[in-house]
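Have a look at input38.pdb; it's PDB, C-alpha atoms, pLDDT in the B column:
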```pdb
ATOM      1  CA  MET A  27     -76.528 320.080  78.291  1.00 30.00           C
ATOM      2  CA  ALA A  28     -76.794 321.862  81.621  1.00 35.00           C
ATOM      3  CA  ILE A  29     -73.278 323.201  82.044  1.00 34.00           C
ATOM      4  CA  GLY A  30     -73.673 324.230  85.677  1.00 38.00           C
ATOM      5  CA  ALA A  31     -75.083 320.875  86.693  1.00 34.00           C
ATOM      6  CA  ASP A  32     -72.235 318.620  85.614  1.00 44.00           C
ATOM      7  CA  ARG A  33     -69.195 317.539  87.580  1.00 42.00           C
ATOM      8  CA  GLY A  34     -66.883 318.976  84.915  1.00 48.00           C
ATOM      9  CA  VAL A  35     -67.502 322.522  86.114  1.00 52.00           C
ATOM     10  CA  ASP A  36     -65.896 321.854  89.497  1.00 67.00           C
ATOM     11  CA  ASP A  37     -63.080 319.831  87.928  1.00 74.00           C
ATOM     12  CA  ALA A  38     -62.361 322.524  85.351  1.00 81.00           C
ATOM     13  CA  GLY A  39     -62.498 325.201  88.042  1.00 85.00           C
ATOM     14  CA  ALA A  40     -59.906 323.358  90.109  1.00 87.00           C
ATOM     15  CA  VAL A  41     -57.625 323.087  87.076  1.00 90.00           C
ATOM     16  CA  PHE A  42     -58.032 326.770  86.186  1.00 90.00           C
ATOM     17  CA  ALA A  43     -57.441 327.835  89.796  1.00 90.00           C
ATOM     18  CA  ALA A  44     -54.314 325.711  90.069  1.00 93.00           C
ATOM     19  CA  LEU A  45     -52.946 327.007  86.767  1.00 92.00           C
ATOM     20  CA  ALA A  46     -53.700 330.644  87.612  1.00 93.00           C
ATOM     21  CA  ASP A  47     -50.355 330.778  89.405  1.00 95.00           C
ATOM     22  CA  PRO A  48     -47.357 331.244  87.065  1.00 95.00           C
ATOM     23  CA  THR A  49     -45.064 329.189  89.310  1.00 96.00           C
ATOM     24  CA  ARG A  50     -47.445 326.236  89.143  1.00 96.00           C
ATOM     25  CA  ARG A  51     -47.608 326.576  85.351  1.00 95.00           C
ATOM     26  CA  ARG A  52     -43.810 326.420  85.270  1.00 95.00           C
ATOM     27  CA  ILE A  53     -43.835 323.332  87.494  1.00 96.00           C
ATOM     28  CA  VAL A  54     -46.361 321.737  85.130  1.00 96.00           C
ATOM     29  CA  ARG A  55     -44.026 322.485  82.191  1.00 95.00           C
ATOM     30  CA  GLU A  56     -41.089 320.923  84.037  1.00 95.00           C
ATOM     31  CA  LEU A  57     -43.071 317.813  84.971  1.00 95.00           C
ATOM     32  CA  SER A  58     -44.362 317.560  81.420  1.00 93.00           C
ATOM     33  CA  ALA A  59     -40.892 317.784  79.927  1.00 93.00           C
ATOM     34  CA  ASP A  60     -38.865 315.684  82.377  1.00 87.00           C
ATOM     35  CA  GLY A  61     -41.145 314.158  85.034  1.00 78.00           C
ATOM     36  CA  PRO A  62     -41.387 312.474  87.395  1.00 92.00           C
ATOM     37  CA  LEU A  63     -39.231 314.763  89.536  1.00 95.00           C
ATOM     38  CA  THR A  64     -38.618 315.325  93.235  1.00 94.00           C
ATOM     39  CA  ALA A  65     -39.557 318.588  94.932  1.00 94.00           C
ATOM     40  CA  THR A  66     -35.845 319.285  95.411  1.00 94.00           C
ATOM     41  CA  ARG A  67     -35.081 318.974  91.681  1.00 94.00           C
ATOM     42  CA  LEU A  68     -38.140 321.029  90.778  1.00 95.00           C
ATOM     43  CA  ALA A  69     -37.146 323.744  93.263  1.00 96.00           C
ATOM     44  CA  ALA A  70     -33.726 324.041  91.630  1.00 95.00           C
ATOM     45  CA  ARG A  71     -35.307 324.297  88.170  1.00 94.00           C
ATOM     46  CA  VAL A  72     -38.002 326.780  89.154  1.00 93.00           C
ATOM     47  CA  GLY A  73     -35.782 328.882  91.421  1.00 94.00           C
ATOM     48  CA  ILE A  74     -37.826 328.807  94.620  1.00 95.00           C
ATOM     49  CA  SER A  75     -37.382 327.014  97.936  1.00 96.00           C
ATOM     50  CA  ARG A  76     -38.166 323.339  98.324  1.00 94.00           C
ATOM     51  CA  GLN A  77     -40.888 324.208 100.833  1.00 94.00           C
ATOM     52  CA  ALA A  78     -42.550 326.627  98.398  1.00 96.00           C
ATOM     53  CA  THR A  79     -42.262 324.026  95.650  1.00 95.00           C
ATOM     54  CA  SER A  80     -43.932 321.449  97.887  1.00 93.00           C
ATOM     55  CA  LYS A  81     -46.847 323.808  98.545  1.00 94.00           C
ATOM     56  CA  HIS A  82     -47.301 324.319  94.815  1.00 96.00           C
ATOM     57  CA  LEU A  83     -47.083 320.584  94.167  1.00 95.00           C
ATOM     58  CA  PHE A  84     -49.776 319.873  96.730  1.00 92.00           C
ATOM     59  CA  ALA A  85     -51.995 322.547  95.141  1.00 93.00           C
ATOM     60  CA  LEU A  86     -51.496 320.803  91.788  1.00 94.00           C
ATOM     61  CA  ALA A  87     -52.239 317.451  93.422  1.00 92.00           C
ATOM     62  CA  ASP A  88     -55.431 318.847  94.969  1.00 90.00           C
ATOM     63  CA  ALA A  89     -56.548 319.816  91.446  1.00 91.00           C
ATOM     64  CA  GLY A  90     -55.706 316.304  90.238  1.00 92.00           C
ATOM     65  CA  LEU A  91     -52.816 317.526  88.078  1.00 93.00           C
ATOM     66  CA  ALA A  92     -49.981 315.832  89.966  1.00 93.00           C
ATOM     67  CA  THR A  93     -49.462 312.530  91.702  1.00 92.00           C
ATOM     68  CA  ALA A  94     -46.782 311.585  94.227  1.00 91.00           C
ATOM     69  CA  GLU A  95     -45.040 308.251  94.571  1.00 91.00           C
ATOM     70  CA  ARG A  96     -42.454 307.259  97.164  1.00 92.00           C
ATOM     71  CA  HIS A  97     -39.210 305.704  95.965  1.00 87.00           C
ATOM     72  CA  GLY A  98     -37.138 304.919  99.028  1.00 90.00           C
ATOM     73  CA  ARG A  99     -36.448 308.214 100.762  1.00 91.00           C
ATOM     74  CA  GLU A 100     -37.613 310.294  97.798  1.00 90.00           C
ATOM     75  CA  THR A 101     -41.061 311.349  96.699  1.00 91.00           C
ATOM     76  CA  ARG A 102     -41.362 311.841  92.966  1.00 93.00           C
ATOM     77  CA  PHE A 103     -44.115 313.941  91.471  1.00 94.00           C
ATOM     78  CA  GLU A 104     -45.628 313.201  88.089  1.00 93.00           C
ATOM     79  CA  LEU A 105     -48.034 315.162  85.912  1.00 93.00           C
ATOM     80  CA  ASP A 106     -51.524 313.715  85.441  1.00 92.00           C
ATOM     81  CA  THR A 107     -52.967 315.091  82.203  1.00 88.00           C
ATOM     82  CA  ARG A 108     -56.512 313.750  82.607  1.00 87.00           C
ATOM     83  CA  PRO A 109     -57.829 316.923  84.269  1.00 87.00           C
ATOM     84  CA  PHE A 110     -56.614 318.938  81.258  1.00 84.00           C
ATOM     85  CA  ALA A 111     -58.922 316.879  79.045  1.00 83.00           C
ATOM     86  CA  GLU A 112     -61.837 317.502  81.411  1.00 81.00           C
ATOM     87  CA  ALA A 113     -61.156 321.260  81.385  1.00 80.00           C
ATOM     88  CA  GLU A 114     -60.865 321.218  77.605  1.00 83.00           C
ATOM     89  CA  ALA A 115     -64.191 319.369  77.307  1.00 82.00           C
ATOM     90  CA  TRP A 116     -65.809 321.992  79.541  1.00 80.00           C
ATOM     91  CA  MET A 117     -64.394 324.815  77.382  1.00 81.00           C
ATOM     92  CA  ARG A 118     -65.603 323.092  74.208  1.00 87.00           C
ATOM     93  CA  ALA A 119     -69.100 322.755  75.693  1.00 82.00           C
ATOM     94  CA  ILE A 120     -69.161 326.452  76.578  1.00 81.00           C
ATOM     95  CA  GLY A 121     -67.821 327.313  73.111  1.00 86.00           C
ATOM     96  CA  ALA A 122     -70.504 325.199  71.433  1.00 83.00           C
ATOM     97  CA  LEU A 123     -73.187 326.888  73.516  1.00 84.00           C
ATOM     98  CA  TRP A 124     -71.984 330.323  72.436  1.00 87.00           C
ATOM     99  CA  ASP A 125     -71.650 329.197  68.816  1.00 80.00           C
ATOM    100  CA  ARG A 126     -75.325 328.177  68.861  1.00 86.00           C
ATOM    101  CA  ARG A 127     -76.365 331.447  70.465  1.00 85.00           C
ATOM    102  CA  LEU A 128     -74.370 333.534  68.011  1.00 86.00           C
ATOM    103  CA  GLN A 129     -75.735 331.548  65.075  1.00 87.00           C
ATOM    104  CA  GLY A 130     -79.271 332.203  66.352  1.00 85.00           C
ATOM    105  CA  LEU A 131     -78.517 335.908  66.666  1.00 86.00           C
ATOM    106  CA  LYS A 132     -77.054 335.983  63.156  1.00 85.00           C
ATOM    107  CA  GLU A 133     -80.133 334.277  61.734  1.00 83.00           C
ATOM    108  CA  LEU A 134     -82.412 336.694  63.576  1.00 82.00           C
ATOM    109  CA  LEU A 135     -80.500 339.728  62.298  1.00 85.00           C
ATOM    110  CA  GLU A 136     -80.419 338.407  58.731  1.00 84.00           C
ATOM    111  CA  ARG A 137     -84.147 337.684  58.815  1.00 85.00           C
ATOM    112  CA  ASP A 138     -84.982 341.185  60.061  1.00 73.00           C
ATOM    113  CA  ALA A 139     -82.592 342.938  57.668  1.00 67.00           C
TER     114      ALA A 139
END
```

Output the file's structure in the form of structure tokens.
Amino acid sequence: MAIGADRGVDDAGAVFAALADPTRRRIVRELSADGPLTATRLAARVGISRQATSKHLFALADAGLATAERHGRETRFELDTRPFAEAEAWMRAIGALWDRRLQGLKELLERDA
């Protein structure tokens, strides 16, 4: 499997970049526990301004981790967990690659010992 050639690399990178920020990780926890939530409710829970919360929500949405839906005058944000599965699959593929390489190294060292 050519890791660099598949679409999962870009998807995983977007997830990792979005989750690199601790405030966004906290927003993800809040949405996971009690979503969907408005930016106003999230701001109160996270302890930052509504405008800052909105910026973080749009960064999460750009990574595919959040969706927005209008309900009257409110916009509610909900966590989308599918990108987590794609990032996990990418990490498993990298882990399997290294497992094979390490096994080959072990066999080589045991043979030469």

- Nearby residues, (-44.1, 323.0, 91.8) file frame, 7 Å, all atoms listed in the file, as a PyMOL selection string: chain A and resi 49-50+53+68+79-80+82-83

- Message: I'd like the interatomic distance between atom CA of A:His97 and atom CA of A:Arg71, to a tenth of an Å.
- Response: 20.5 Å

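Compared by their closest atoms to A:Gly73, and using only C-alpha atoms, the residues A:Arg52, A:Gly98, A:Ala87, A:Ala115 rank with A:Arg52 nearest.
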
- Given the file above and the PyMOL selection byres ((chain A and resi 107-114) around 12), which residues are selected, and can you give them as number ranges by chain? A: 32-45, 54-55, 57-58, 86-93, 104-106, 115-121

- Message: Report, in Å to a single decimal, how far apart atom CA of A:Asp47 and atom CA of A:Arg96 are.
- Response: 26.0 Å

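The two atoms in question, atom CA of A:Val72 and atom CA of A:Glu100, are spaced 18.6 Å apart.
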
- Item | Option closest in space to A:Glu56, from A:Ala70, A:Ser75, A:Ala85, A:Arg126 [counting all atoms listed in the file] | A:Ala70

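Nearest residue to A:Ala65, choosing from A:Ala122, A:Ala46, A:Ala78, A:Leu131 and counting only C-alpha atoms: A:Ala78.
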
What box, with edges along x, y and z, holds each listed atom of stretch 52-69 of chain A when 6 Å is added on every side, and can you state its centre and edge lengths in Å to one decimal, as JSON?
```
{"center_x": -40.7, "center_y": 319.4, "center_z": 87.7, "size_x": 23.3, "size_y": 25.9, "size_z": 27.5}
```
